[in-house]
$ cat upload-v6.txt   # compact mmCIF, C-alpha atoms
# COMPACT_ATOMS: atom_id res chain seq x y z
CA MET A 2 0.99 50.79 -9.72
CA SER A 3 0.99 47.62 -7.61
CA VAL A 4 -1.53 44.89 -8.39
CA TYR A 5 -2.89 42.66 -5.62
CA PHE A 6 -4.28 39.19 -6.29
CA PRO A 7 -6.15 37.39 -3.50
CA GLU A 8 -4.55 34.12 -2.39
CA GLU A 9 -7.55 32.17 -3.75
CA VAL A 10 -6.89 33.54 -7.26
CA ILE A 11 -3.18 32.77 -7.04
CA LEU A 12 -3.97 29.20 -5.97
CA GLN A 13 -6.30 28.65 -8.91
CA ILE A 14 -3.56 29.81 -11.29
CA LEU A 15 -0.90 27.64 -9.64
CA TYR A 16 -3.14 24.55 -9.71
CA LYS A 17 -3.13 24.71 -13.52
CA LEU A 18 0.65 24.89 -13.94
CA PRO A 19 2.83 21.84 -14.75
CA VAL A 20 5.32 20.57 -12.18
CA LYS A 21 8.40 22.14 -13.78
CA LYS A 22 6.79 25.60 -13.86
CA LEU A 23 5.76 25.28 -10.22
CA GLY A 24 9.36 24.54 -9.28
CA GLN A 25 10.31 27.88 -10.83
CA CYS A 26 7.41 29.66 -9.11
CA ALA A 27 8.59 28.38 -5.72
CA THR A 28 11.75 30.46 -6.15
CA VAL A 29 9.88 33.73 -6.83
CA CYS A 30 9.06 34.58 -3.21
CA LYS A 31 8.64 32.97 0.21
CA SER A 32 4.85 33.25 0.17
CA TRP A 33 4.56 31.33 -3.12
CA LYS A 34 7.02 28.69 -1.89
CA PHE A 35 4.94 28.30 1.29
CA LEU A 36 1.78 27.80 -0.79
CA ILE A 37 3.36 25.27 -3.16
CA LYS A 38 4.99 23.21 -0.39
CA ASN A 39 1.71 22.90 1.53
CA PRO A 40 0.66 19.19 1.55
CA SER A 41 -2.96 20.06 0.72
CA PHE A 42 -1.79 22.08 -2.32
CA ILE A 43 0.39 19.19 -3.52
CA ILE A 44 -2.51 16.70 -3.42
CA THR A 45 -5.03 19.14 -4.93
CA HIS A 46 -2.59 19.98 -7.73
CA SER A 47 -2.10 16.27 -8.44
CA ASN A 48 -5.86 15.70 -8.61
CA ASN A 49 -6.35 18.63 -11.00
CA GLN A 50 -3.78 17.62 -13.59
CA THR A 51 -5.20 17.36 -17.13
CA HIS A 52 -2.00 16.85 -19.09
CA GLU A 53 -1.57 14.16 -21.68
CA PRO A 54 -1.24 10.66 -20.16
CA LEU A 55 2.26 9.23 -19.92
CA PHE A 56 3.80 5.84 -19.41
CA LEU A 57 7.07 5.11 -17.61
CA PHE A 58 9.80 2.73 -18.72
CA ARG A 59 12.75 1.43 -16.71
CA LEU A 60 15.12 -0.63 -18.83
CA VAL A 61 18.71 -1.78 -18.56
CA SER A 62 20.99 -1.34 -21.56
CA ASN A 63 24.75 -1.88 -21.72
CA GLY A 64 24.76 -2.42 -17.97
CA LYS A 65 23.12 0.95 -17.22
CA GLU A 66 19.63 1.82 -15.98
CA ARG A 67 17.52 4.02 -18.24
CA TYR A 68 14.29 5.70 -17.15
CA SER A 69 12.07 7.48 -19.66
CA LEU A 70 8.57 8.93 -19.94
CA HIS A 71 6.62 8.59 -23.18
CA PHE A 72 3.31 10.03 -24.37
CA ASP A 73 0.62 7.37 -24.23
CA ASP A 74 -0.79 8.19 -27.66
CA GLN A 75 -0.17 7.12 -31.24
CA SER A 76 3.18 8.89 -31.35
CA SER A 77 4.68 7.26 -28.22
CA GLN A 78 7.29 10.02 -28.39
CA THR A 79 9.73 10.50 -25.55
CA HIS A 80 8.57 13.16 -23.10
CA MET A 81 11.76 13.11 -21.03
CA ALA A 82 14.52 10.81 -19.78
CA PHE A 83 16.21 10.80 -16.39
CA ASN A 84 18.72 8.90 -14.28
CA SER A 85 18.07 6.81 -11.19
CA PRO A 86 18.36 8.55 -7.80
CA ALA A 87 21.78 8.85 -6.15
CA LEU A 88 21.35 5.73 -4.03
CA LYS A 89 23.56 2.68 -3.68
CA CYS A 90 22.01 -0.76 -3.56
CA ASP A 91 23.48 -4.05 -2.38
CA ALA A 92 26.27 -5.30 -4.65
CA GLN A 93 24.46 -8.62 -5.16
CA ASN A 94 21.31 -6.84 -6.30
CA ARG A 95 23.12 -4.48 -8.67
CA TYR A 96 19.94 -2.47 -9.36
CA PHE A 97 16.84 -1.45 -7.46
CA ARG A 98 13.61 -3.23 -8.36
CA VAL A 99 10.74 -0.95 -9.44
CA LEU A 100 7.57 -1.89 -7.54
CA GLY A 101 5.15 0.59 -9.07
CA SER A 102 4.25 4.14 -9.95
CA CYS A 103 1.40 6.15 -8.40
CA LYS A 104 0.56 9.88 -8.33
CA GLY A 105 4.04 10.84 -9.54
CA LEU A 106 5.92 8.64 -7.07
CA ILE A 107 8.01 5.65 -8.06
CA CYS A 108 8.57 3.00 -5.39
CA LEU A 109 11.91 1.17 -5.37
CA ALA A 110 13.08 -1.89 -3.43
CA ASP A 111 16.63 -3.15 -2.96
CA ASP A 112 15.72 -6.83 -3.21
CA LEU A 113 16.37 -8.15 -6.72
CA THR A 114 18.57 -11.00 -5.46
CA VAL A 115 18.78 -10.58 -1.67
CA PHE A 116 16.44 -8.76 0.72
CA THR A 117 18.01 -5.69 2.34
CA ASN A 118 14.86 -4.09 3.86
CA THR A 119 15.57 -0.91 1.90
CA TYR A 120 12.58 0.84 0.28
CA VAL A 121 12.51 4.24 -1.39
CA PHE A 122 9.80 6.66 -2.53
CA TRP A 123 11.13 8.72 -5.45
CA ASN A 124 9.75 11.64 -7.46
CA PRO A 125 12.05 11.96 -10.49
CA LEU A 126 10.57 15.22 -11.82
CA ILE A 127 11.51 17.22 -8.72
CA ARG A 128 14.55 15.00 -8.03
CA ARG A 129 13.57 14.11 -4.48
CA PHE A 130 13.48 10.76 -2.72
CA LYS A 131 12.71 9.42 0.73
CA ARG A 132 14.27 6.28 2.18
CA LEU A 133 11.75 4.47 4.36
CA PRO A 134 12.56 3.36 7.92
CA VAL A 135 13.55 -0.27 8.48
CA PRO A 136 10.46 -2.55 8.69
CA ASN A 137 9.45 -4.43 11.83
CA PHE A 138 9.84 -7.96 10.43
CA THR A 139 13.45 -8.42 9.35
CA TYR A 140 14.75 -11.46 11.22
CA GLY A 141 15.71 -14.88 9.83
CA ASP A 142 15.09 -16.49 6.47
CA PHE A 143 12.05 -15.02 4.66
CA ASP A 144 10.33 -14.27 1.37
CA ALA A 145 8.27 -11.15 0.83
CA PHE A 146 5.75 -9.48 -1.45
CA ILE A 147 5.74 -5.66 -1.49
CA GLY A 148 2.79 -3.63 -2.78
CA PHE A 149 2.46 0.13 -3.36
CA GLY A 150 -0.66 2.30 -3.51
CA PHE A 151 -2.41 5.56 -2.61
CA ASP A 152 -5.24 6.26 -0.17
CA SER A 153 -7.29 8.93 -1.97
CA VAL A 154 -9.47 9.68 1.08
CA GLY A 155 -6.61 10.07 3.54
CA SER A 156 -4.25 11.50 0.87
CA ASP A 157 -1.58 9.04 1.94
CA PHE A 158 0.89 6.75 0.14
CA LYS A 159 1.26 3.28 1.64
CA LEU A 160 3.52 0.27 1.26
CA LEU A 161 2.20 -3.23 1.99
CA ARG A 162 4.72 -5.85 3.12
CA PHE A 163 3.54 -9.49 3.16
CA VAL A 164 6.28 -11.69 4.67
CA MET A 165 6.66 -15.48 4.89
CA PHE A 166 9.31 -16.75 7.34
CA ALA A 167 10.94 -20.13 6.65
CA ALA A 168 10.90 -20.97 10.38
CA LEU A 169 7.10 -20.64 10.46
CA GLU A 170 6.43 -22.77 7.39
CA GLY A 171 5.33 -26.37 7.67
CA PRO A 172 2.13 -28.41 7.68
CA GLY A 173 -1.10 -26.51 8.22
CA GLU A 174 -2.11 -22.98 7.29
CA PRO A 175 0.52 -20.50 6.10
CA GLN A 176 1.62 -18.03 8.80
CA PRO A 177 2.35 -14.69 7.09
CA ARG A 178 3.49 -11.55 8.89
CA VAL A 179 2.00 -8.40 7.35
CA GLU A 180 2.70 -4.71 7.91
CA VAL A 181 1.87 -1.38 6.27
CA PHE A 182 3.99 1.76 6.01
CA SER A 183 2.21 5.13 5.86
CA LEU A 184 4.05 8.11 4.37
CA LYS A 185 1.84 10.45 6.41
CA SER A 186 2.61 8.82 9.78
CA GLY A 187 6.15 7.72 8.87
CA VAL A 188 5.84 4.35 10.66
CA TRP A 189 5.24 0.67 9.92
CA LYS A 190 2.05 -0.82 11.41
CA ASP A 191 1.55 -4.53 12.12
CA ILE A 192 -1.71 -5.83 10.59
CA THR A 193 -0.91 -9.54 10.81
CA GLN A 194 -4.16 -10.24 12.68
CA ILE A 195 -6.23 -9.51 9.56
CA ALA A 196 -3.91 -11.14 7.03
CA PRO A 197 -5.33 -13.93 4.82
CA LYS A 198 -3.68 -17.32 5.36
CA TYR A 199 -2.04 -17.63 1.96
CA GLU A 200 1.47 -18.10 0.62
CA ILE A 201 2.81 -15.39 -1.67
CA TYR A 202 5.09 -15.31 -4.68
CA THR A 203 8.41 -13.70 -3.80
CA LYS A 204 8.82 -10.36 -5.59
CA GLY A 205 5.55 -11.05 -7.40
CA SER A 206 3.83 -8.56 -9.67
CA GLN A 207 1.28 -6.08 -8.38
CA ALA A 208 -1.47 -3.86 -9.79
CA PHE A 209 -2.91 -0.83 -7.99
CA VAL A 210 -6.46 -0.41 -9.29
CA ASN A 211 -9.64 1.08 -7.77
CA GLY A 212 -7.94 1.70 -4.43
CA PHE A 213 -6.72 -1.92 -4.11
CA ILE A 214 -3.24 -3.43 -4.34
CA HIS A 215 -3.69 -6.72 -6.26
CA PHE A 216 -1.20 -9.59 -6.03
CA MET A 217 -1.03 -13.37 -6.43
CA GLY A 218 -1.46 -15.80 -3.53
CA TYR A 219 -1.79 -19.54 -3.26
CA ARG A 220 -2.72 -22.27 -0.79
CA GLY A 221 -1.74 -25.79 -1.75
CA ASP A 222 -2.08 -25.83 -5.53
CA GLU A 223 -4.92 -23.30 -5.58
CA ASN A 224 -4.17 -19.82 -6.96
CA VAL A 225 -6.10 -16.65 -6.14
CA ILE A 226 -5.76 -12.89 -6.57
CA LEU A 227 -5.50 -11.22 -3.17
CA ARG A 228 -6.36 -7.53 -2.92
CA PHE A 229 -5.68 -5.03 -0.16
CA HIS A 230 -7.69 -1.81 0.15
CA VAL A 231 -5.13 0.90 0.87
CA GLY A 232 -7.61 3.24 2.57
CA ASP A 233 -9.66 0.81 4.69
CA GLU A 234 -6.72 -1.59 5.19
CA VAL A 235 -8.74 -4.75 4.62
CA PHE A 236 -8.09 -7.81 2.46
CA ARG A 237 -10.40 -9.30 -0.16
CA ARG A 238 -10.06 -11.99 -2.85
CA ILE A 239 -10.86 -12.24 -6.55
CA LYS A 240 -11.17 -15.64 -8.18
CA LEU A 241 -9.10 -16.41 -11.24
CA PRO A 242 -10.45 -17.84 -14.48
CA GLY A 243 -11.29 -21.51 -13.90
CA SER A 244 -8.44 -22.87 -16.01
CA LEU A 245 -5.86 -20.86 -14.01
CA VAL A 246 -7.00 -21.70 -10.48
CA TYR A 247 -4.90 -24.85 -10.21
CA GLY A 248 -1.42 -25.45 -11.57
CA LEU A 249 2.01 -23.89 -11.73
CA GLY A 250 1.06 -20.62 -10.05
CA ALA A 251 4.60 -19.18 -10.02
CA HIS A 252 3.97 -18.20 -13.64
CA VAL A 253 0.79 -16.19 -13.14
CA TYR A 254 1.28 -12.41 -13.07
CA VAL A 255 -1.29 -9.70 -12.34
CA SER A 256 -1.46 -6.38 -14.19
CA GLY A 257 -3.70 -3.32 -14.40
CA TYR A 258 -6.04 -3.05 -17.39
CA LYS A 259 -7.43 0.20 -18.87
CA GLN A 260 -7.01 2.06 -15.55
CA SER A 261 -10.11 0.51 -13.97
CA SER A 262 -9.72 -3.26 -14.07
CA ILE A 263 -7.12 -6.04 -13.94
CA ALA A 264 -5.55 -8.69 -16.14
CA VAL A 265 -3.40 -11.79 -15.65
CA PHE A 266 -0.55 -13.20 -17.72
CA TYR A 267 -0.20 -16.97 -17.51
CA LYS A 268 2.80 -18.80 -18.89
CA ASN A 269 2.02 -22.40 -19.80
CA PHE A 270 4.81 -24.98 -19.76
CA PHE A 271 2.63 -28.04 -20.32
CA GLY A 272 2.26 -28.81 -24.02
CA PRO A 273 3.03 -25.92 -26.35
CA VAL A 274 4.89 -23.15 -24.51
CA GLU A 275 2.73 -20.03 -24.58
CA TRP A 276 1.52 -16.94 -22.74
CA GLN A 277 -2.22 -16.56 -22.12
CA VAL A 278 -3.54 -13.03 -21.54
CA TRP A 279 -6.82 -12.77 -19.59
CA VAL A 280 -8.66 -9.55 -18.76
CA MET A 281 -11.50 -8.89 -16.33
CA LYS A 282 -13.87 -6.93 -18.58
CA GLU A 283 -16.01 -5.83 -15.59
CA TYR A 284 -14.04 -5.28 -12.41
CA GLY A 285 -14.99 -7.64 -9.59
CA VAL A 286 -17.22 -9.83 -11.78
CA VAL A 287 -15.57 -13.24 -12.04
CA GLU A 288 -17.78 -14.23 -14.98
CA SER A 289 -16.31 -11.40 -17.04
CA TRP A 290 -12.82 -12.98 -17.25
CA THR A 291 -11.98 -13.22 -20.96
CA LYS A 292 -8.93 -14.64 -22.70
CA ILE A 293 -8.04 -11.99 -25.29
CA LEU A 294 -4.73 -13.29 -26.57
CA THR A 295 -2.39 -16.26 -26.75
CA ILE A 296 1.26 -15.49 -27.41
CA ASP A 297 3.06 -18.58 -28.68
CA GLU A 298 6.26 -19.52 -30.47
CA SER A 299 4.82 -18.37 -33.80
CA MET A 300 5.14 -14.79 -32.45
CA GLY A 301 8.61 -15.40 -31.04
CA LEU A 302 7.09 -15.78 -27.54
CA PRO A 303 7.77 -12.21 -26.32
CA GLY A 304 7.00 -11.43 -22.68
CA PRO A 305 3.94 -9.28 -21.78
CA MET A 306 4.83 -6.22 -19.68
CA GLY A 307 1.56 -4.34 -19.16
CA PHE A 308 -1.22 -2.42 -20.89
CA ARG A 309 -1.57 1.01 -22.41
CA ARG A 310 -4.67 3.09 -21.70
CA ASN A 311 -6.27 2.03 -25.00
CA GLY A 312 -5.89 -1.68 -24.16
CA ASP A 313 -2.86 -2.38 -26.36
CA LEU A 314 -0.35 -4.70 -24.74
CA MET A 315 3.30 -3.78 -24.16
CA ILE A 316 5.56 -6.73 -25.02
CA GLU A 317 9.32 -7.26 -24.71
CA CYS A 318 10.90 -9.33 -27.46
CA TYR A 319 13.89 -11.63 -27.04
CA HIS A 320 16.32 -9.04 -28.38
CA GLY A 321 14.99 -6.42 -25.92
CA ASP A 322 12.87 -4.53 -28.45
CA ILE A 323 9.69 -3.10 -26.86
CA ARG A 324 6.55 -3.21 -28.98
CA SER A 325 2.88 -2.33 -28.65
CA LEU A 326 0.49 -5.11 -29.66
CA GLU A 327 -3.20 -4.70 -30.54
CA PRO A 328 -4.78 -7.91 -29.12
CA GLU A 329 -7.64 -8.28 -31.61
CA SER A 330 -5.68 -7.80 -34.84
CA ARG A 331 -2.39 -9.06 -33.33
CA LYS A 332 -0.63 -6.22 -35.15
CA THR A 333 2.49 -4.86 -33.46
CA LYS A 334 4.12 -1.45 -33.54
CA ARG A 335 7.77 -0.74 -32.75
CA LEU A 336 8.20 1.92 -30.09
CA ARG A 337 11.92 2.46 -30.77
CA ILE A 338 12.65 1.58 -27.15
CA CYS A 339 15.07 -1.22 -26.41
CA GLY A 340 16.62 -2.86 -23.35
CA GLU A 341 18.43 -6.14 -22.76
CA ASN A 342 15.38 -8.38 -22.23
CA THR A 343 16.51 -9.18 -18.70
CA GLY A 344 12.92 -9.65 -17.54
CA TYR A 345 13.10 -8.64 -13.90
CA TYR A 346 14.96 -5.40 -14.74
CA SER A 347 12.35 -4.17 -17.22
CA PHE A 348 9.33 -2.23 -15.97
CA VAL A 349 6.44 -0.29 -17.51
CA ASP A 350 3.54 1.56 -15.87
CA SER A 351 1.35 4.61 -16.36
CA TYR A 352 2.71 7.84 -14.89
CA ALA A 353 1.23 11.16 -13.78
CA GLU A 354 3.31 14.21 -12.89
CA SER A 355 3.05 15.52 -9.34
CA LEU A 356 4.80 17.54 -6.60
CA VAL A 357 4.69 14.74 -4.02
CA LEU A 358 7.79 14.86 -1.75
CA PHE A 359 8.37 18.55 -2.58
CA ASP A 360 7.69 19.28 1.08
CA ARG A 361 9.95 16.46 2.32
CA GLY A 362 12.63 14.02 1.22
CA LYS A 363 16.17 14.57 -0.02
CA LYS A 364 17.44 15.95 -3.30

$ encode --input "upload-v6.txt" --output "structure tokens"
Amino acid sequence: MSVYFPEEVILQILYKLPVKKLGQCATVCKSWKFLIKNPSFIITHSNNQTHEPLFLFRLVSNGKERYSLHFDDQSSQTHMAFNSPALKCDAQNRYFRVLGSCKGLICLADDLTVFTNTYVFWNPLIRRFKRLPVPNFTYGDFDAFIGFGFDSVGSDFKLLRFVMFAALEGPGEPQPRVEVFSLKSGVWKDITQIAPKYEIYTKGSQAFVNGFIHFMGYRGDENVILRFHVGDEVFRRIKLPGSLVYGLGAHVYVSGYKQSSIAVFYKNFFGPVEWQVWVMKEYGVVESWTKILTIDESMGLPGPMGFRRNGDLMIECYHGDIRSLEPESRKTKRLRICGENTGYYSFVDSYAESLVLFDRGKK
């Protein structure tokens, strides 16, 4: 006796399955593959995921890249490990730089040492990647900040490129060139006319929070957090804590904090060498900036990497050992994860499984 299930019922079942199981389901029959590869299904499935939260590590050890996913709970056990995509980067760069992780996609840039204008969207779980077209602004001597985020209303991944050309620098206001790539449209769009007149920190850190890409900017000796709304494509600013507004801004890094706010790491070279960790307890409220931790030489001066969902700080020690630090008690926990403490190679971020790029990209 044959049993018929309406498409609506099948969809509700498929929405609840993990990514690996869906990959198997796509091989059952053409109709199921058609359903699973539909862009609307991919986004709806991503929004309905209720699996345990994960965090992503990219480390370099013995000259090799290592990617791994870990459960973001007390165990911190390894969920899975995987290799980098089959892509070659410039010999001077050696490795791709990891810009960020969002909705199951990892964004890579081939620009660790020299800019090559190569950017890649990569979904490691389904082993697919997409190399982005060459940007519009590629001529001459330049520095660039690259930001990565997701437009939840338009269901679109976007890359922000904020470029400073040496030939345009000089007295007066900075003259940035700014463009945005949309995965949905497949093209770069020039938005220079709305760009704030700030300098940027080359290959600076970013945090995608509440629909905004956050990054550091400066004008003169004044530092500020710039933010770009991925959906509306507008720029805003957030003031830093008073003590961090002026000074050696090249050592101020922005990070996400507890999924809904931001933090900054400030490395002080005047007086005792130390890291200051500030968090914005209430997003958008400048008065809520709070210094929660000072990491000094008494702790070996490890480098802060980012936050876990519970607010514990990920730190990388001099010998490459990764630890989780509870800011209030200052107690640390070894995660049994170790790299080479190369700084710009190491990366950590939250991660959520998804099927994004299942309907496009290369294996």

$ closest_residue --input "upload-v6.txt" --among "A:Lys104, A:Lys22, A:His80, A:His46" --to "Phe58 in chain A" --atoms "all atoms listed in the file"
A:His80

$ residues_around --input "upload-v6.txt" --residues "Asp360 in chain A" --least-positions-apart "2" --cutoff "10 Å" --atoms "only C-alpha atoms" --output "list in words"
Lys34, Phe35, Ile37, Lys38, Asn39, Pro40, Ile43, Arg129, Leu356, Val357, Leu358, Gly362 and Lys363 of chain A

$ residues_near_point --input "upload-v6.txt" --point "(7.2, -4.3, -16.6)" --cutoff "7 Å" --atoms "all atoms listed in the file" --output "PyMOL selection string"
chain A and resi 306-307+347-350

$ residues_around --input "upload-v6.txt" --residues "range 219-232 of chain A" --least-positions-apart "4" --cutoff "7 Å" --atoms "all atoms listed in the file" --output "ChimeraX atom specification"
/A:150-152,154-155,159,199-201,212-215,236-241,246-248,250

$ write_last_selection --input "upload-v6.txt" --atoms "C-alpha atoms" --output "compact mmCIF listing (two decimals), in the frame of the given file"
# COMPACT_ATOMS: atom_id res chain seq x y z
CA GLY A 150 -0.66 2.30 -3.51
CA PHE A 151 -2.41 5.56 -2.61
CA ASP A 152 -5.24 6.26 -0.17
CA VAL A 154 -9.47 9.68 1.08
CA GLY A 155 -6.61 10.07 3.54
CA LYS A 159 1.26 3.28 1.64
CA TYR A 199 -2.04 -17.63 1.96
CA GLU A 200 1.47 -18.10 0.62
CA ILE A 201 2.81 -15.39 -1.67
CA GLY A 212 -7.94 1.70 -4.43
CA PHE A 213 -6.72 -1.92 -4.11
CA ILE A 214 -3.24 -3.43 -4.34
CA HIS A 215 -3.69 -6.72 -6.26
CA PHE A 236 -8.09 -7.81 2.46
CA ARG A 237 -10.40 -9.30 -0.16
CA ARG A 238 -10.06 -11.99 -2.85
CA ILE A 239 -10.86 -12.24 -6.55
CA LYS A 240 -11.17 -15.64 -8.18
CA LEU A 241 -9.10 -16.41 -11.24
CA VAL A 246 -7.00 -21.70 -10.48
CA TYR A 247 -4.90 -24.85 -10.21
CA GLY A 248 -1.42 -25.45 -11.57
CA GLY A 250 1.06 -20.62 -10.05

$ residues_around --input "upload-v6.txt" --residues "Asn124 in chain A" --least-positions-apart "6" --cutoff "12 Å" --atoms "all atoms listed in the file" --output "ChimeraX atom specification"
/A:20,83-86,102-109,130-132,352-364

$ atom_distance --input "upload-v6.txt" --atom1 "CA of Ile263 in chain A" --atom2 "CA of Ser77 in chain A"
22.8 Å

$ closest_residue --input "upload-v6.txt" --among "A:Ser351, A:Asn211, A:Thr295, A:Gln78" --to "Arg337 in chain A" --atoms "all atoms listed in the file"
A:Gln78

$ axis_aligned_box --input "upload-v6.txt" --around "range 236-241 of chain A" --padding-each-side "6 Å" --output "AutoDock Vina command-line options"
--center_x -9.6 --center_y -12.1 --center_z -4.4 --size_x 15.1 --size_y 20.6 --size_z 25.7

$ closest_residue --input "upload-v6.txt" --among "A:Val278, A:Cys318, A:Val121, A:Cys339" --to "Val135 in chain A" --atoms "only C-alpha atoms"
A:Val121

$ closest_residue --input "upload-v6.txt" --among "A:Leu133, A:Leu15, A:Met165, A:Val210" --to "Gly101 in chain A" --atoms "all atoms listed in the file"
A:Val210

$ atom_distance --input "upload-v6.txt" --atom1 "CA of Ile14 in chain A" --atom2 "CA of Leu126 in chain A"
20.3 Å

$ closest_residue --input "upload-v6.txt" --among "A:Leu161, A:Val265, A:Leu18, A:Val253" --to "Glu234 in chain A" --atoms "all atoms listed in the file"
A:Leu161

$ residues_around --input "upload-v6.txt" --residues "Tyr140 in chain A" --least-positions-apart "5" --cutoff "12 Å" --atoms "only C-alpha atoms" --output "ChimeraX atom specification"
/A:116-118,135,164-169,178

$ atom_distance --input "upload-v6.txt" --atom1 "CA of Phe42 in chain A" --atom2 "CA of Gly148 in chain A"
26.1 Å

$ residues_around --input "upload-v6.txt" --residues "Asp91 in chain A" --least-positions-apart "5" --cutoff "10 Å" --atoms "all atoms listed in the file" --output "PDB file with C-alpha atoms, keeping the file's coordinate frame"
ATOM      1  CA  TYR A  96      19.940  -2.470  -9.360  1.00  0.00           C
ATOM      2  CA  PHE A  97      16.840  -1.450  -7.460  1.00  0.00           C
ATOM      3  CA  ASP A 111      16.630  -3.150  -2.960  1.00  0.00           C
ATOM      4  CA  ASP A 112      15.720  -6.830  -3.210  1.00  0.00           C
ATOM      5  CA  LEU A 113      16.370  -8.150  -6.720  1.00  0.00           C
ATOM      6  CA  THR A 114      18.570 -11.000  -5.460  1.00  0.00           C
ATOM      7  CA  VAL A 115      18.780 -10.580  -1.670  1.00  0.00           C
ATOM      8  CA  PHE A 116      16.440  -8.760   0.720  1.00  0.00           C
ATOM      9  CA  THR A 117      18.010  -5.690   2.340  1.00  0.00           C
ATOM     10  CA  THR A 119      15.570  -0.910   1.900  1.00  0.00           C
TER      11      THR A 119
END

$ closest_residue --input "upload-v6.txt" --among "A:Tyr202, A:Trp290, A:Phe209, A:Tyr319" --to "Leu245 in chain A" --atoms "all atoms listed in the file"
A:Trp290

$ decode --input "upload-v6.txt" --residues "range 266-303 of chain A" --atoms "C-alpha atoms" --output "compact mmCIF listing (two decimals), in the first residue's frame"
# COMPACT_ATOMS: atom_id res chain seq x y z
CA PHE A 266 39.95 44.91 23.42
CA TYR A 267 42.49 47.67 24.02
CA LYS A 268 46.20 46.99 24.28
CA ASN A 269 48.01 49.62 26.30
CA PHE A 270 51.71 50.27 25.63
CA PHE A 271 52.06 53.32 27.86
CA GLY A 272 53.09 52.34 31.38
CA PRO A 273 52.43 48.71 32.30
CA VAL A 274 51.72 46.63 29.19
CA GLU A 275 48.18 45.27 29.47
CA TRP A 276 44.95 44.39 27.69
CA GLN A 277 41.76 46.14 28.77
CA VAL A 278 38.45 44.39 28.01
CA TRP A 279 35.38 46.65 27.78
CA VAL A 280 31.82 45.48 27.12
CA MET A 281 28.71 47.45 26.18
CA LYS A 282 26.23 46.04 28.70
CA GLU A 283 23.26 47.62 26.85
CA TYR A 284 23.69 47.78 23.10
CA GLY A 285 23.78 51.31 21.72
CA VAL A 286 23.94 52.96 25.15
CA VAL A 287 27.34 54.63 25.47
CA GLU A 288 26.94 55.03 29.23
CA SER A 289 26.78 51.25 29.61
CA TRP A 290 30.43 50.71 28.58
CA THR A 291 32.06 48.75 31.43
CA LYS A 292 35.63 47.57 31.87
CA ILE A 293 35.27 43.96 33.01
CA LEU A 294 38.86 42.79 32.91
CA THR A 295 42.50 43.83 32.73
CA ILE A 296 44.93 41.24 31.43
CA ASP A 297 48.47 42.12 32.46
CA GLU A 298 51.88 40.48 32.75
CA SER A 299 50.84 38.73 35.97
CA MET A 300 48.58 36.54 33.78
CA GLY A 301 51.26 36.03 31.14
CA LEU A 302 49.54 38.66 28.94
CA PRO A 303 47.59 36.24 26.70
